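One structure is given below, encoded as structure tokens.
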Amino acid sequence: MDPGQVSAQKFLATLIGRATYVLMVVALAGVLMGGQIGRSLDGIVVVTFALVPWLRVLWLVRRWQRIGDKRFALAGTLLIGIALAGVMVSFLVA
Amino acid sequence: MLADLALIALAALTAGVGAIGGLGGAVILVPVLVLSGMPIVEASPLGLISVVAASVAASGRQLRDGTVNHRVGVVAESAATVGAIVGALAVGVVSERLLTWIIAVVIVAAAAMSGRRKGIRWHPDTSLDASAVGEWVGSLNGAYDLNGSVVPYRPRRTVFGVSLMGLAGLVTGLAGVGGGFMKTPIASEVMHLPVKVAAATSTFTIGLTASVALAVTAIRGDIDVNAGALVVLGAATGGLVGARLQRQLSPVVVRRALAALLVVISVVLVVRA
């Protein structure tokens, strides 16, 4: 078991929870404003939402490294590498 | 305006239902949008946005409950992502119709496995306190909270399960569908994770898959961000509500709901084919 896990999970949960509400407010503002500004806000919301899961993996990798769980830190790094390779391959094929 | 509200409501409903079983809502949302007249090239990215938004929104509750096993998720997702890349590169090798039927049969089999089993596999351990809830360092084991009791679990047949996750990724890459409807049953019925842990972990991993697919779609420039923001509003709300609902339901109810949803999804897939 990991003694710092409960506080770490609470921290991550709070961070993601607040980010979700902020992004929902920005999305609502974008929808209501419309036009170029609204479209820019909508774009920011979509891009940020897409980045959150991978920022979470980065955070996990750092945390696992810090507590000495090297095997899973390596697995997380590998996953990020595989995903980046996938995006690169798609870019090249496109 | 009415169409915008309908899109928000639809995204909320499908994401909420998807969050309960860790399935993602796109597999229902996209066919409904297509049936309502939206071209598939516009509907698919909206499905991906709904999966990412619901995954992120649900994760706050699921992290507090300690039901997400990130270590299982990262290992399984590595295999699934490799499979998905290979599948995406091999699109066209298998006919789409045959692939859809194969997926539908796999889903019905998964539904039968989930629905047929009675009771719960893992039982409370009174020697453990609340600090044990969550995932355990250096292994894929963990524990979750069940009505105030701590229930430890230990994944079984890990290599076989992770290999199946790779195959699930291959199928999702070939068919261009999300993989939650395969990942949750594999984690629950093959690897013997508690269904709530399997669903929460699947919700985490499908967010990763969908965000990569979204990046690939963005490279092609096929995303309508205005409609995307509407879907975000609905799907994030659905994700928040679905995660809360999942917490209150018993594992047996979640498993049966999952089985029923899987049957609905297989019917939707066959109708699409």
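Residue numbering restarts at 1 in every chain; chains get A, B, ... in the order shown in the structure tokens, and ligands count up from 1 in that same order.
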Closest atom pairs, residues of chain B within 8 Å of chain A, only C-alpha atoms, as a tab-separated table:
```
residue	atom	partner	partner_atom	distance
B:Ile49	CA	A:Val46	CA	7.1
B:Val52	CA	A:Ala50	CA	6.3
B:Ala53	CA	A:Phe49	CA	6.2
B:Val56	CA	A:Pro53	CA	6.9
B:Ala57	CA	A:Thr20	CA	5.9
B:Ser59	CA	A:Ala13	CA	7.0
B:Gly60	CA	A:Ala13	CA	4.3
B:Arg61	CA	A:Ala13	CA	7.0
B:Leu63	CA	A:Ala13	CA	5.6
B:Arg64	CA	A:Lys10	CA	5.9
B:Gly66	CA	A:Gln9	CA	7.6
B:Arg71	CA	A:Phe72	CA	6.6
B:Val74	CA	A:Gly76	CA	5.9
B:Val75	CA	A:Ala75	CA	6.4
B:Glu77	CA	A:Leu79	CA	7.2
B:Ser78	CA	A:Leu79	CA	5.0
B:Thr81	CA	A:Ala83	CA	6.8
B:Val82	CA	A:Ile82	CA	6.9
B:Ile85	CA	A:Gly86	CA	5.9
B:Ser131	CA	A:Val6	CA	7.0
B:Ala132	CA	A:Met1	CA	6.4
B:Gly134	CA	A:Gln5	CA	7.7
B:Glu135	CA	A:Met1	CA	7.3
B:Trp136	CA	A:Met1	CA	4.5
B:Val137	CA	A:Met1	CA	5.5
B:Gly138	CA	A:Asp69	CA	5.6
B:Phe204	CA	A:Pro53	CA	7.5
B:Gly207	CA	A:Pro53	CA	6.2
B:Leu208	CA	A:Pro53	CA	5.6
B:Ser211	CA	A:Ala50	CA	4.8
B:Val212	CA	A:Ala83	CA	6.8
B:Leu214	CA	A:Ala50	CA	7.4
B:Ala215	CA	A:Val87	CA	7.1
B:Val216	CA	A:Val87	CA	6.0
B:Ile219	CA	A:Phe91	CA	6.7
B:Arg220	CA	A:Ala94	CA	7.3
B:Val225	CA	A:Gly43	CA	5.5
B:Asn226	CA	A:Asp42	CA	5.9
B:Gly228	CA	A:Val46	CA	6.8
B:Ala229	CA	A:Asp42	CA	5.3
B:Leu230	CA	A:Val31	CA	7.1
B:Val232	CA	A:Met24	CA	7.2
B:Leu233	CA	A:Met24	CA	5.8
B:Ala236	CA	A:Thr20	CA	7.5
```
So which residues touch Asn141 of chain B within 12 Å, counting only C-alpha atoms, skipping near sequence neighbours fewer than 6 positions away, as an MDAnalysis selection string? (chainID A and resid 1:2) or (chainID B and resid 67:72 132:135 151:156 158 191:194 197)
Write down as JSON, numbers by chain the residues belonging to segment 89-238 of chain B that are assigned alpha helix (DSSP H) by DSSP computed on the backbone. {"B": [89, 96, 97, 98, 99, 100, 101, 102, 103, 104, 105, 106, 107, 108, 109, 110, 111, 112, 113, 114, 115, 116, 158, 159, 160, 161, 162, 163, 164, 165, 166, 167, 168, 169, 170, 171, 172, 173, 174, 175, 180, 181, 182, 183, 184, 185, 195, 196, 197, 198, 199, 200, 201, 202, 203, 204, 205, 206, 207, 208, 209, 210, 211, 212, 213, 214, 215, 216, 217, 218, 219, 220, 225, 226, 227, 228, 229, 230, 231, 232, 233, 234, 235, 236, 237, 238]}
Atomic separation - atom CA of Arg62 of chain A relative to atom CA of Ala84 of chain B, Å: 25.9 Å
Near Gly242 of chain B, counting only C-alpha atoms, which residues have an atom at most 6 Å away, once you skip same-chain residues fewer than 3 positions from it, shown as a PDB file with N, CA and C atoms, in the first residue's frame?
```
ATOM      1  N   GLY B  16     -23.774   9.586 -19.599  1.00  0.00           N
ATOM      2  CA  GLY B  16     -24.155   9.143 -18.251  1.00  0.00           C
ATOM      3  C   GLY B  16     -24.288   7.636 -18.193  1.00  0.00           C
ATOM      4  N   ALA B  19     -20.824   6.068 -18.548  1.00  0.00           N
ATOM      5  CA  ALA B  19     -19.952   6.195 -17.375  1.00  0.00           C
ATOM      6  C   ALA B  19     -20.258   5.130 -16.320  1.00  0.00           C
ATOM      7  N   ILE B  20     -21.502   4.703 -16.234  1.00  0.00           N
ATOM      8  CA  ILE B  20     -21.869   3.679 -15.244  1.00  0.00           C
ATOM      9  C   ILE B  20     -21.131   2.375 -15.541  1.00  0.00           C
ATOM     10  N   GLY B 238     -23.200  14.383 -18.028  1.00  0.00           N
ATOM     11  CA  GLY B 238     -23.507  12.953 -17.982  1.00  0.00           C
ATOM     12  C   GLY B 238     -22.453  12.164 -17.228  1.00  0.00           C
ATOM     13  N   GLY B 239     -21.181  12.505 -17.453  1.00  0.00           N
ATOM     14  CA  GLY B 239     -20.082  11.827 -16.757  1.00  0.00           C
ATOM     15  C   GLY B 239     -20.149  12.027 -15.252  1.00  0.00           C
ATOM     16  N   LEU B 245     -23.936   7.950  -9.821  1.00  0.00           N
ATOM     17  CA  LEU B 245     -24.929   6.863  -9.846  1.00  0.00           C
ATOM     18  C   LEU B 245     -24.237   5.517  -9.661  1.00  0.00           C
TER      19      LEU B 245
END
```
How many Å lie between atom CA of Ala88 of chain B and atom CA of Val171 of chain B, rounded to one decimal? 8.9 Å
Write out as a PyMOL selection string the residues lying within 12 Å of Val159 of chain B, counting only C-alpha atoms and excluding same-chain residues fewer than 2 positions away. chain B and resi 72+75-76+79+140+155-157+161-166+186-187+190-191
Keeping C-alpha atoms, export the residues of the selection given above as a tab-separated table (two decimals), in the first residue's frame.
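Output file result_9.tsv follows:
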```
chain	number	residue	atom	x	y	z
B	72	VAL	CA	-3.93	-1.88	-14.59
B	75	VAL	CA	-0.56	-1.71	-18.72
B	76	ALA	CA	-3.81	-2.61	-20.51
B	79	ALA	CA	-1.39	-3.19	-25.35
B	140	LEU	CA	-1.80	-4.59	-10.01
B	155	PRO	CA	-6.28	-9.52	-10.96
B	156	ARG	CA	-6.04	-13.03	-12.45
B	157	ARG	CA	-4.86	-14.23	-15.88
B	161	GLY	CA	-6.25	-10.32	-20.17
B	162	VAL	CA	-3.67	-7.81	-21.43
B	163	SER	CA	-3.34	-9.81	-24.68
B	164	LEU	CA	-7.12	-9.59	-25.11
B	165	MET	CA	-6.88	-5.83	-24.49
B	166	GLY	CA	-4.40	-5.73	-27.39
B	186	ILE	CA	-12.33	-8.27	-20.27
B	187	ALA	CA	-11.19	-6.59	-17.04
B	190	VAL	CA	-11.29	-12.40	-17.65
B	191	MET	CA	-9.01	-10.55	-15.21
```
Measure the distance from atom CA of Leu170 of chain B to atom CA of Ala80 of chain B in Å and round it to one decimal. 7.1 Å
My list of candidates is B:Ala12, B:Val17, B:Leu89, B:Ala210. Which is closest to Leu92 of chain A when distances are computed with only C-alpha atoms? B:Leu89
Identify, with DSSP run on backbone atoms, the residues in segment 95-197 of chain B assigned to strand (DSSP E or B), and express the list as a PyMOL selection string. chain B and resi 134-135+142-146+149-153
